[in-house]
Amino acid sequence: MEIAGKRILITGASRGIGRGLAEAFAREGARVALVARSEAALKELADRLGGVGYCADLSEPAGAEGLIERIEADGPIDVLINNAGVSYVKYMLDNTPEEIERLFRLNILTPVLLCRQIIPRMLERGGGHIVNISSLAAVIAPPGLVYYAATKAALSQYTAGMRMDLRGLPIVTTLVQIGSVPTELDDMSRNYGPIREMTQRAKGSDVTPLPVVVEAIVDAVRHNKRHVRFPRAMTPLSMLVEAPRRLSEWMFRSVSPRG
């Protein structure tokens, strides 16, 4: 895909990976549509990048409702990046029911609903690209991240299933599975006791710089790559989990994916 001139929708755009992606795509000449719940931070970023901000709390039931229609009133979206997420790093019995519900809504239900809204529109226009930001927590299930890991595993599996159902159609999908990246969200994980002990032993080898992750995602959109995986040392683990999904693609290769 030629990125210049394309319209890129990024959720969770006001900080961390989302902010880095917004800045990187804008540098490439893309028109960025940014979603976050922090109105002030969103406006500052959108104004600086020449994009448009859409304030929405995607952890609330009404947050995703009609969002794609609202954004596409200002122009069609070529690339959807489902980046918004939350972790709530705690021992599993310390998470409140409200936190658990918010985790599942923001991390998996919202991306599913946004995909459902945008795919028919992309198909009508002749194609598009969807990037789902998952995590290595979906593969290794670290302590303190029980619910976060479950949502990211669901997002990874959903992406594989979506890929299967869209086979033969002009929608490209990229699944991003990353470990530790220096962001506020990651800081919460690394300060949790059991994870802190492991990261101290790793001595930084488990950390991927934010610019490296951002550039890899931009490159994946540019070159229609199916996966982005970091750190490299953990790539074999995510590939092992991916193997049965690739096998299912082979098993159903001669069957129409749409009944």
# chains A, B, ... in the order shown; residues from 1 in each chain; ligands from 1
$ closest_atom_pairs --of "stretch 61-147 of chain A" --to "stretch 161-184 of chain A" --cutoff "9 Å" --atoms "only C-alpha atoms" --output "tab-separated table"
residue	atom	partner	partner_atom	distance
A:Ile119	CA	A:Ile171	CA	7.8
A:Met122	CA	A:Ile171	CA	7.5
A:Leu123	CA	A:Pro170	CA	7.0
A:Gly126	CA	A:Pro170	CA	6.6
A:Gly127	CA	A:Pro170	CA	4.6
A:Gly128	CA	A:Ile171	CA	5.0
A:His129	CA	A:Val172	CA	4.6
A:Ile130	CA	A:Thr173	CA	4.9
A:Val131	CA	A:Thr174	CA	4.7
A:Asn132	CA	A:Leu175	CA	5.2
A:Ile133	CA	A:Val176	CA	4.8
A:Ser134	CA	A:Gln177	CA	4.9
A:Ser135	CA	A:Gln177	CA	4.3
A:Leu136	CA	A:Gly179	CA	5.2
A:Ala137	CA	A:Gly179	CA	7.2
A:Ala138	CA	A:Gln177	CA	8.1
A:Val139	CA	A:Gln177	CA	8.9
$ residues_around --residues "A:Asn95" --least-positions-apart "6" --cutoff "12 Å" --atoms "only C-alpha atoms" --output "list in words"
Ser87, Tyr88, Val89, Glu101, Arg102, Leu103, Gly144, Leu145, Val146, Tyr147 and Tyr148 of chain A
$ write_last_selection --atoms "C-alpha atoms" --output "compact mmCIF listing (two decimals), in the first residue's frame"
# COMPACT_ATOMS: atom_id res chain seq x y z
CA SER A 87 -4.36 -4.20 31.48
CA TYR A 88 -5.18 -3.73 35.22
CA VAL A 89 -2.18 -5.74 36.44
CA GLU A 101 -15.85 -6.14 32.13
CA ARG A 102 -13.91 -3.06 31.00
CA LEU A 103 -10.94 -5.22 29.99
CA GLY A 144 -1.03 -10.65 37.13
CA LEU A 145 -2.34 -10.47 33.58
CA VAL A 146 -4.94 -13.25 33.60
CA TYR A 147 -7.76 -11.25 32.06
CA TYR A 148 -5.54 -9.13 29.83
$ select_by_dssp --residues "stretch 7-208 of chain A" --states "alpha helix (DSSP H)" --output "PDB file with N, CA and C atoms, in the first residue's frame"
ATOM      1  N   GLY A  16       1.482   6.376  24.137  1.00  0.00           N
ATOM      2  CA  GLY A  16       2.105   5.075  23.894  1.00  0.00           C
ATOM      3  C   GLY A  16       2.237   4.719  22.425  1.00  0.00           C
ATOM      4  N   ILE A  17       1.951   3.464  22.112  1.00  0.00           N
ATOM      5  CA  ILE A  17       2.085   2.967  20.744  1.00  0.00           C
ATOM      6  C   ILE A  17       1.155   3.723  19.801  1.00  0.00           C
ATOM      7  N   GLY A  18      -0.055   4.023  20.248  1.00  0.00           N
ATOM      8  CA  GLY A  18      -1.000   4.739  19.406  1.00  0.00           C
ATOM      9  C   GLY A  18      -0.482   6.099  18.993  1.00  0.00           C
ATOM     10  N   ARG A  19       0.077   6.830  19.944  1.00  0.00           N
ATOM     11  CA  ARG A  19       0.642   8.152  19.639  1.00  0.00           C
ATOM     12  C   ARG A  19       1.828   8.024  18.675  1.00  0.00           C
ATOM     13  N   GLY A  20       2.691   7.031  18.941  1.00  0.00           N
ATOM     14  CA  GLY A  20       3.828   6.806  18.060  1.00  0.00           C
ATOM     15  C   GLY A  20       3.398   6.476  16.640  1.00  0.00           C
ATOM     16  N   LEU A  21       2.347   5.664  16.504  1.00  0.00           N
ATOM     17  CA  LEU A  21       1.839   5.321  15.177  1.00  0.00           C
ATOM     18  C   LEU A  21       1.249   6.536  14.475  1.00  0.00           C
ATOM     19  N   ALA A  22       0.515   7.346  15.217  1.00  0.00           N
ATOM     20  CA  ALA A  22      -0.074   8.551  14.629  1.00  0.00           C
ATOM     21  C   ALA A  22       1.012   9.448  14.058  1.00  0.00           C
ATOM     22  N   GLU A  23       2.072   9.643  14.821  1.00  0.00           N
ATOM     23  CA  GLU A  23       3.163  10.504  14.367  1.00  0.00           C
ATOM     24  C   GLU A  23       3.883   9.901  13.162  1.00  0.00           C
ATOM     25  N   ALA A  24       4.099   8.594  13.199  1.00  0.00           N
ATOM     26  CA  ALA A  24       4.823   7.934  12.107  1.00  0.00           C
ATOM     27  C   ALA A  24       4.026   7.956  10.804  1.00  0.00           C
ATOM     28  N   PHE A  25       2.737   7.642  10.874  1.00  0.00           N
ATOM     29  CA  PHE A  25       1.927   7.646   9.658  1.00  0.00           C
ATOM     30  C   PHE A  25       1.774   9.059   9.097  1.00  0.00           C
ATOM     31  N   ALA A  26       1.664  10.038   9.995  1.00  0.00           N
ATOM     32  CA  ALA A  26       1.577  11.428   9.526  1.00  0.00           C
ATOM     33  C   ALA A  26       2.853  11.825   8.793  1.00  0.00           C
ATOM     34  N   ARG A  27       4.004  11.381   9.296  1.00  0.00           N
ATOM     35  CA  ARG A  27       5.272  11.668   8.609  1.00  0.00           C
ATOM     36  C   ARG A  27       5.312  11.047   7.223  1.00  0.00           C
ATOM     37  N   GLU A  39      -9.738  14.116  25.753  1.00  0.00           N
ATOM     38  CA  GLU A  39     -10.045  15.113  24.730  1.00  0.00           C
ATOM     39  C   GLU A  39      -8.904  16.103  24.524  1.00  0.00           C
ATOM     40  N   ALA A  40      -8.299  16.582  25.620  1.00  0.00           N
ATOM     41  CA  ALA A  40      -7.239  17.588  25.493  1.00  0.00           C
ATOM     42  C   ALA A  40      -6.022  17.022  24.771  1.00  0.00           C
ATOM     43  N   ALA A  41      -5.564  15.832  25.197  1.00  0.00           N
ATOM     44  CA  ALA A  41      -4.408  15.201  24.564  1.00  0.00           C
ATOM     45  C   ALA A  41      -4.692  14.861  23.105  1.00  0.00           C
ATOM     46  N   LEU A  42      -5.913  14.449  22.842  1.00  0.00           N
ATOM     47  CA  LEU A  42      -6.303  14.085  21.480  1.00  0.00           C
ATOM     48  C   LEU A  42      -6.283  15.305  20.567  1.00  0.00           C
ATOM     49  N   LYS A  43      -6.818  16.417  21.055  1.00  0.00           N
ATOM     50  CA  LYS A  43      -6.848  17.641  20.243  1.00  0.00           C
ATOM     51  C   LYS A  43      -5.441  18.152  19.950  1.00  0.00           C
ATOM     52  N   GLU A  44      -4.585  18.119  20.963  1.00  0.00           N
ATOM     53  CA  GLU A  44      -3.206  18.568  20.777  1.00  0.00           C
ATOM     54  C   GLU A  44      -2.522  17.751  19.696  1.00  0.00           C
ATOM     55  N   LEU A  45      -2.677  16.439  19.756  1.00  0.00           N
ATOM     56  CA  LEU A  45      -2.021  15.563  18.793  1.00  0.00           C
ATOM     57  C   LEU A  45      -2.594  15.748  17.393  1.00  0.00           C
ATOM     58  N   ALA A  46      -3.918  15.752  17.289  1.00  0.00           N
ATOM     59  CA  ALA A  46      -4.561  15.889  15.988  1.00  0.00           C
ATOM     60  C   ALA A  46      -4.195  17.224  15.339  1.00  0.00           C
ATOM     61  N   ASP A  47      -4.201  18.294  16.116  1.00  0.00           N
ATOM     62  CA  ASP A  47      -3.851  19.609  15.567  1.00  0.00           C
ATOM     63  C   ASP A  47      -2.402  19.638  15.088  1.00  0.00           C
ATOM     64  N   ARG A  48      -1.521  19.031  15.865  1.00  0.00           N
ATOM     65  CA  ARG A  48      -0.102  19.040  15.510  1.00  0.00           C
ATOM     66  C   ARG A  48       0.169  18.233  14.244  1.00  0.00           C
ATOM     67  N   LEU A  49      -0.590  17.150  14.058  1.00  0.00           N
ATOM     68  CA  LEU A  49      -0.340  16.263  12.922  1.00  0.00           C
ATOM     69  C   LEU A  49      -1.210  16.583  11.716  1.00  0.00           C
ATOM     70  N   LEU A  67     -19.354   4.419  15.602  1.00  0.00           N
ATOM     71  CA  LEU A  67     -18.125   5.200  15.530  1.00  0.00           C
ATOM     72  C   LEU A  67     -17.578   5.280  14.106  1.00  0.00           C
ATOM     73  N   ILE A  68     -17.592   4.162  13.393  1.00  0.00           N
ATOM     74  CA  ILE A  68     -17.056   4.164  12.028  1.00  0.00           C
ATOM     75  C   ILE A  68     -17.877   5.088  11.136  1.00  0.00           C
ATOM     76  N   GLU A  69     -19.184   5.047  11.269  1.00  0.00           N
ATOM     77  CA  GLU A  69     -20.041   5.933  10.474  1.00  0.00           C
ATOM     78  C   GLU A  69     -19.727   7.396  10.776  1.00  0.00           C
ATOM     79  N   ARG A  70     -19.538   7.698  12.051  1.00  0.00           N
ATOM     80  CA  ARG A  70     -19.204   9.065  12.481  1.00  0.00           C
ATOM     81  C   ARG A  70     -17.887   9.534  11.861  1.00  0.00           C
ATOM     82  N   ILE A  71     -16.882   8.655  11.886  1.00  0.00           N
ATOM     83  CA  ILE A  71     -15.567   9.036  11.365  1.00  0.00           C
ATOM     84  C   ILE A  71     -15.583   9.118   9.844  1.00  0.00           C
ATOM     85  N   GLU A  72     -16.281   8.185   9.193  1.00  0.00           N
ATOM     86  CA  GLU A  72     -16.302   8.182   7.731  1.00  0.00           C
ATOM     87  C   GLU A  72     -17.180   9.284   7.150  1.00  0.00           C
ATOM     88  N   PRO A  97     -15.216  -6.873  39.334  1.00  0.00           N
ATOM     89  CA  PRO A  97     -16.041  -7.210  38.172  1.00  0.00           C
ATOM     90  C   PRO A  97     -16.095  -6.088  37.148  1.00  0.00           C
ATOM     91  N   GLU A  98     -16.080  -4.834  37.627  1.00  0.00           N
ATOM     92  CA  GLU A  98     -16.104  -3.697  36.710  1.00  0.00           C
ATOM     93  C   GLU A  98     -14.832  -3.635  35.868  1.00  0.00           C
ATOM     94  N   GLU A  99     -13.690  -3.916  36.499  1.00  0.00           N
ATOM     95  CA  GLU A  99     -12.428  -3.922  35.756  1.00  0.00           C
ATOM     96  C   GLU A  99     -12.400  -5.032  34.718  1.00  0.00           C
ATOM     97  N   ILE A 100     -12.889  -6.199  35.111  1.00  0.00           N
ATOM     98  CA  ILE A 100     -12.900  -7.340  34.191  1.00  0.00           C
ATOM     99  C   ILE A 100     -13.780  -7.038  32.978  1.00  0.00           C
ATOM    100  N   GLU A 101     -14.948  -6.472  33.238  1.00  0.00           N
ATOM    101  CA  GLU A 101     -15.849  -6.137  32.129  1.00  0.00           C
ATOM    102  C   GLU A 101     -15.224  -5.092  31.216  1.00  0.00           C
ATOM    103  N   ARG A 102     -14.548  -4.104  31.806  1.00  0.00           N
ATOM    104  CA  ARG A 102     -13.911  -3.060  31.000  1.00  0.00           C
ATOM    105  C   ARG A 102     -12.781  -3.639  30.149  1.00  0.00           C
ATOM    106  N   LEU A 103     -12.012  -4.561  30.735  1.00  0.00           N
ATOM    107  CA  LEU A 103     -10.939  -5.219  29.995  1.00  0.00           C
ATOM    108  C   LEU A 103     -11.480  -5.929  28.762  1.00  0.00           C
ATOM    109  N   PHE A 104     -12.515  -6.714  28.953  1.00  0.00           N
ATOM    110  CA  PHE A 104     -13.039  -7.495  27.834  1.00  0.00           C
ATOM    111  C   PHE A 104     -13.707  -6.597  26.795  1.00  0.00           C
ATOM    112  N   THR A 110     -14.639  -4.290  21.559  1.00  0.00           N
ATOM    113  CA  THR A 110     -14.569  -3.084  20.729  1.00  0.00           C
ATOM    114  C   THR A 110     -13.879  -3.338  19.389  1.00  0.00           C
ATOM    115  N   PRO A 111     -12.692  -3.977  19.354  1.00  0.00           N
ATOM    116  CA  PRO A 111     -12.091  -4.265  18.039  1.00  0.00           C
ATOM    117  C   PRO A 111     -12.999  -5.094  17.136  1.00  0.00           C
ATOM    118  N   VAL A 112     -13.696  -6.067  17.711  1.00  0.00           N
ATOM    119  CA  VAL A 112     -14.605  -6.902  16.916  1.00  0.00           C
ATOM    120  C   VAL A 112     -15.718  -6.045  16.315  1.00  0.00           C
ATOM    121  N   LEU A 113     -16.295  -5.173  17.133  1.00  0.00           N
ATOM    122  CA  LEU A 113     -17.398  -4.338  16.656  1.00  0.00           C
ATOM    123  C   LEU A 113     -16.928  -3.345  15.595  1.00  0.00           C
ATOM    124  N   LEU A 114     -15.734  -2.783  15.782  1.00  0.00           N
ATOM    125  CA  LEU A 114     -15.220  -1.844  14.784  1.00  0.00           C
ATOM    126  C   LEU A 114     -14.915  -2.560  13.463  1.00  0.00           C
ATOM    127  N   CYS A 115     -14.368  -3.764  13.557  1.00  0.00           N
ATOM    128  CA  CYS A 115     -14.135  -4.552  12.337  1.00  0.00           C
ATOM    129  C   CYS A 115     -15.456  -4.842  11.627  1.00  0.00           C
ATOM    130  N   ARG A 116     -16.447  -5.205  12.400  1.00  0.00           N
ATOM    131  CA  ARG A 116     -17.757  -5.525  11.820  1.00  0.00           C
ATOM    132  C   ARG A 116     -18.360  -4.310  11.124  1.00  0.00           C
ATOM    133  N   GLN A 117     -18.118  -3.130  11.675  1.00  0.00           N
ATOM    134  CA  GLN A 117     -18.644  -1.906  11.065  1.00  0.00           C
ATOM    135  C   GLN A 117     -17.891  -1.526   9.792  1.00  0.00           C
ATOM    136  N   ILE A 118     -16.579  -1.742   9.794  1.00  0.00           N
ATOM    137  CA  ILE A 118     -15.785  -1.191   8.694  1.00  0.00           C
ATOM    138  C   ILE A 118     -15.593  -2.153   7.522  1.00  0.00           C
ATOM    139  N   ILE A 119     -15.631  -3.452   7.760  1.00  0.00           N
ATOM    140  CA  ILE A 119     -15.352  -4.405   6.678  1.00  0.00           C
ATOM    141  C   ILE A 119     -16.318  -4.247   5.501  1.00  0.00           C
ATOM    142  N   PRO A 120     -17.639  -4.162   5.724  1.00  0.00           N
ATOM    143  CA  PRO A 120     -18.515  -3.974   4.552  1.00  0.00           C
ATOM    144  C   PRO A 120     -18.198  -2.710   3.776  1.00  0.00           C
ATOM    145  N   ARG A 121     -17.814  -1.651   4.469  1.00  0.00           N
ATOM    146  CA  ARG A 121     -17.471  -0.393   3.803  1.00  0.00           C
ATOM    147  C   ARG A 121     -16.188  -0.544   2.988  1.00  0.00           C
ATOM    148  N   MET A 122     -15.202  -1.234   3.569  1.00  0.00           N
ATOM    149  CA  MET A 122     -13.961  -1.468   2.834  1.00  0.00           C
ATOM    150  C   MET A 122     -14.211  -2.300   1.584  1.00  0.00           C
ATOM    151  N   LEU A 123     -15.052  -3.316   1.711  1.00  0.00           N
ATOM    152  CA  LEU A 123     -15.340  -4.176   0.558  1.00  0.00           C
ATOM    153  C   LEU A 123     -16.051  -3.397  -0.550  1.00  0.00           C
ATOM    154  N   GLU A 124     -16.956  -2.512  -0.170  1.00  0.00           N
ATOM    155  CA  GLU A 124     -17.645  -1.688  -1.164  1.00  0.00           C
ATOM    156  C   GLU A 124     -16.668  -0.801  -1.938  1.00  0.00           C
ATOM    157  N   ARG A 125     -15.586  -0.380  -1.240  1.00  0.00           N
ATOM    158  CA  ARG A 125     -14.604   0.508  -1.877  1.00  0.00           C
ATOM    159  C   ARG A 125     -13.501  -0.265  -2.585  1.00  0.00           C
ATOM    160  N   ALA A 137       1.467 -11.689  25.775  1.00  0.00           N
ATOM    161  CA  ALA A 137       0.716 -12.221  26.917  1.00  0.00           C
ATOM    162  C   ALA A 137      -0.333 -13.225  26.459  1.00  0.00           C
ATOM    163  N   ALA A 138      -0.753 -13.122  25.206  1.00  0.00           N
ATOM    164  CA  ALA A 138      -1.696 -14.084  24.649  1.00  0.00           C
ATOM    165  C   ALA A 138      -1.063 -15.461  24.472  1.00  0.00           C
ATOM    166  N   VAL A 139       0.262 -15.486  24.467  1.00  0.00           N
ATOM    167  CA  VAL A 139       0.997 -16.731  24.222  1.00  0.00           C
ATOM    168  C   VAL A 139       1.542 -17.333  25.508  1.00  0.00           C
ATOM    169  N   ILE A 140       2.097 -16.482  26.393  1.00  0.00           N
ATOM    170  CA  ILE A 140       2.799 -17.019  27.561  1.00  0.00           C
ATOM    171  C   ILE A 140       2.042 -16.842  28.877  1.00  0.00           C
ATOM    172  N   VAL A 146      -4.029 -12.167  33.986  1.00  0.00           N
ATOM    173  CA  VAL A 146      -4.936 -13.253  33.597  1.00  0.00           C
ATOM    174  C   VAL A 146      -5.978 -12.772  32.588  1.00  0.00           C
ATOM    175  N   TYR A 147      -6.673 -11.705  32.912  1.00  0.00           N
ATOM    176  CA  TYR A 147      -7.765 -11.247  32.062  1.00  0.00           C
ATOM    177  C   TYR A 147      -7.239 -10.537  30.813  1.00  0.00           C
ATOM    178  N   TYR A 148      -6.174  -9.777  30.980  1.00  0.00           N
ATOM    179  CA  TYR A 148      -5.541  -9.130  29.834  1.00  0.00           C
ATOM    180  C   TYR A 148      -5.084 -10.194  28.833  1.00  0.00           C
ATOM    181  N   ALA A 149      -4.418 -11.226  29.329  1.00  0.00           N
ATOM    182  CA  ALA A 149      -3.928 -12.292  28.454  1.00  0.00           C
ATOM    183  C   ALA A 149      -5.085 -12.990  27.746  1.00  0.00           C
ATOM    184  N   ALA A 150      -6.177 -13.197  28.467  1.00  0.00           N
ATOM    185  CA  ALA A 150      -7.342 -13.856  27.863  1.00  0.00           C
ATOM    186  C   ALA A 150      -7.917 -13.012  26.729  1.00  0.00           C
ATOM    187  N   THR A 151      -7.981 -11.689  26.930  1.00  0.00           N
ATOM    188  CA  THR A 151      -8.533 -10.829  25.876  1.00  0.00           C
ATOM    189  C   THR A 151      -7.608 -10.781  24.667  1.00  0.00           C
ATOM    190  N   LYS A 152      -6.307 -10.759  24.913  1.00  0.00           N
ATOM    191  CA  LYS A 152      -5.372 -10.704  23.792  1.00  0.00           C
ATOM    192  C   LYS A 152      -5.322 -12.042  23.041  1.00  0.00           C
ATOM    193  N   ALA A 153      -5.482 -13.147  23.766  1.00  0.00           N
ATOM    194  CA  ALA A 153      -5.578 -14.443  23.093  1.00  0.00           C
ATOM    195  C   ALA A 153      -6.827 -14.483  22.224  1.00  0.00           C
ATOM    196  N   ALA A 154      -7.915 -13.919  22.739  1.00  0.00           N
ATOM    197  CA  ALA A 154      -9.154 -13.863  21.960  1.00  0.00           C
ATOM    198  C   ALA A 154      -8.971 -13.000  20.719  1.00  0.00           C
ATOM    199  N   LEU A 155      -8.276 -11.872  20.862  1.00  0.00           N
ATOM    200  CA  LEU A 155      -8.054 -10.990  19.713  1.00  0.00           C
ATOM    201  C   LEU A 155      -7.191 -11.676  18.653  1.00  0.00           C
ATOM    202  N   SER A 156      -6.186 -12.409  19.099  1.00  0.00           N
ATOM    203  CA  SER A 156      -5.327 -13.137  18.156  1.00  0.00           C
ATOM    204  C   SER A 156      -6.127 -14.195  17.404  1.00  0.00           C
ATOM    205  N   GLN A 157      -6.944 -14.939  18.135  1.00  0.00           N
ATOM    206  CA  GLN A 157      -7.755 -15.986  17.505  1.00  0.00           C
ATOM    207  C   GLN A 157      -8.821 -15.373  16.596  1.00  0.00           C
ATOM    208  N   TYR A 158      -9.394 -14.265  17.021  1.00  0.00           N
ATOM    209  CA  TYR A 158     -10.381 -13.573  16.184  1.00  0.00           C
ATOM    210  C   TYR A 158      -9.752 -13.134  14.863  1.00  0.00           C
ATOM    211  N   THR A 159      -8.538 -12.621  14.941  1.00  0.00           N
ATOM    212  CA  THR A 159      -7.852 -12.185  13.724  1.00  0.00           C
ATOM    213  C   THR A 159      -7.632 -13.352  12.773  1.00  0.00           C
ATOM    214  N   ALA A 160      -7.265 -14.501  13.336  1.00  0.00           N
ATOM    215  CA  ALA A 160      -7.080 -15.696  12.504  1.00  0.00           C
ATOM    216  C   ALA A 160      -8.393 -16.127  11.863  1.00  0.00           C
ATOM    217  N   GLY A 161      -9.477 -16.092  12.644  1.00  0.00           N
ATOM    218  CA  GLY A 161     -10.783 -16.468  12.108  1.00  0.00           C
ATOM    219  C   GLY A 161     -11.277 -15.474  11.068  1.00  0.00           C
ATOM    220  N   MET A 162     -11.046 -14.198  11.321  1.00  0.00           N
ATOM    221  CA  MET A 162     -11.424 -13.164  10.364  1.00  0.00           C
ATOM    222  C   MET A 162     -10.673 -13.368   9.050  1.00  0.00           C
ATOM    223  N   ARG A 163      -9.407 -13.695   9.157  1.00  0.00           N
ATOM    224  CA  ARG A 163      -8.579 -13.954   7.985  1.00  0.00           C
ATOM    225  C   ARG A 163      -9.159 -15.111   7.164  1.00  0.00           C
ATOM    226  N   MET A 164      -9.647 -16.127   7.882  1.00  0.00           N
ATOM    227  CA  MET A 164     -10.231 -17.284   7.207  1.00  0.00           C
ATOM    228  C   MET A 164     -11.528 -16.904   6.485  1.00  0.00           C
ATOM    229  N   ASP A 165     -12.412 -16.181   7.169  1.00  0.00           N
ATOM    230  CA  ASP A 165     -13.697 -15.821   6.580  1.00  0.00           C
ATOM    231  C   ASP A 165     -13.549 -14.832   5.430  1.00  0.00           C
ATOM    232  N   GLU A 184       3.388   3.686  29.287  1.00  0.00           N
ATOM    233  CA  GLU A 184       2.749   3.725  30.604  1.00  0.00           C
ATOM    234  C   GLU A 184       2.082   2.393  30.917  1.00  0.00           C
ATOM    235  N   LEU A 185       1.441   1.801  29.919  1.00  0.00           N
ATOM    236  CA  LEU A 185       0.768   0.519  30.118  1.00  0.00           C
ATOM    237  C   LEU A 185       1.766  -0.556  30.520  1.00  0.00           C
ATOM    238  N   ASP A 186       2.911  -0.560  29.870  1.00  0.00           N
ATOM    239  CA  ASP A 186       3.934  -1.559  30.173  1.00  0.00           C
ATOM    240  C   ASP A 186       4.558  -1.320  31.548  1.00  0.00           C
ATOM    241  N   ASP A 187       4.686  -0.065  31.943  1.00  0.00           N
ATOM    242  CA  ASP A 187       5.250   0.235  33.263  1.00  0.00           C
ATOM    243  C   ASP A 187       4.449  -0.427  34.370  1.00  0.00           C
ATOM    244  N   MET A 188       3.129  -0.454  34.225  1.00  0.00           N
ATOM    245  CA  MET A 188       2.283  -1.080  35.242  1.00  0.00           C
ATOM    246  C   MET A 188       2.596  -2.563  35.371  1.00  0.00           C
ATOM    247  N   SER A 189       2.821  -3.204  34.246  1.00  0.00           N
ATOM    248  CA  SER A 189       3.142  -4.635  34.273  1.00  0.00           C
ATOM    249  C   SER A 189       4.500  -4.881  34.912  1.00  0.00           C
ATOM    250  N   ARG A 190       5.481  -4.091  34.525  1.00  0.00           N
ATOM    251  CA  ARG A 190       6.852  -4.303  34.993  1.00  0.00           C
ATOM    252  C   ARG A 190       7.031  -3.954  36.468  1.00  0.00           C
ATOM    253  N   GLY A 193       5.050  -7.332  41.165  1.00  0.00           N
ATOM    254  CA  GLY A 193       6.087  -8.156  41.785  1.00  0.00           C
ATOM    255  C   GLY A 193       6.655  -9.305  40.968  1.00  0.00           C
ATOM    256  N   PRO A 194       5.858 -10.320  40.631  1.00  0.00           N
ATOM    257  CA  PRO A 194       6.410 -11.470  39.896  1.00  0.00           C
ATOM    258  C   PRO A 194       7.012 -11.086  38.547  1.00  0.00           C
ATOM    259  N   ILE A 195       6.380 -10.136  37.847  1.00  0.00           N
ATOM    260  CA  ILE A 195       6.910  -9.715  36.551  1.00  0.00           C
ATOM    261  C   ILE A 195       8.179  -8.898  36.745  1.00  0.00           C
ATOM    262  N   ARG A 196       8.208  -8.082  37.796  1.00  0.00           N
ATOM    263  CA  ARG A 196       9.398  -7.274  38.074  1.00  0.00           C
ATOM    264  C   ARG A 196      10.616  -8.168  38.300  1.00  0.00           C
ATOM    265  N   GLU A 197      10.424  -9.267  39.013  1.00  0.00           N
ATOM    266  CA  GLU A 197      11.536 -10.192  39.260  1.00  0.00           C
ATOM    267  C   GLU A 197      12.075 -10.764  37.953  1.00  0.00           C
ATOM    268  N   MET A 198      11.168 -11.144  37.058  1.00  0.00           N
ATOM    269  CA  MET A 198      11.602 -11.725  35.785  1.00  0.00           C
ATOM    270  C   MET A 198      12.285 -10.682  34.906  1.00  0.00           C
ATOM    271  N   THR A 199      11.762  -9.458  34.884  1.00  0.00           N
ATOM    272  CA  THR A 199      12.370  -8.428  34.041  1.00  0.00           C
ATOM    273  C   THR A 199      13.752  -8.030  34.550  1.00  0.00           C
ATOM    274  N   GLN A 200      13.945  -8.088  35.860  1.00  0.00           N
ATOM    275  CA  GLN A 200      15.270  -7.791  36.415  1.00  0.00           C
ATOM    276  C   GLN A 200      16.282  -8.835  35.959  1.00  0.00           C
ATOM    277  N   ARG A 201      15.853 -10.082  35.880  1.00  0.00           N
ATOM    278  CA  ARG A 201      16.748 -11.139  35.399  1.00  0.00           C
ATOM    279  C   ARG A 201      17.049 -10.974  33.904  1.00  0.00           C
ATOM    280  N   ALA A 202      16.064 -10.472  33.163  1.00  0.00           N
ATOM    281  CA  ALA A 202      16.251 -10.312  31.715  1.00  0.00           C
ATOM    282  C   ALA A 202      17.213  -9.182  31.377  1.00  0.00           C
TER     283      ALA A 202
END
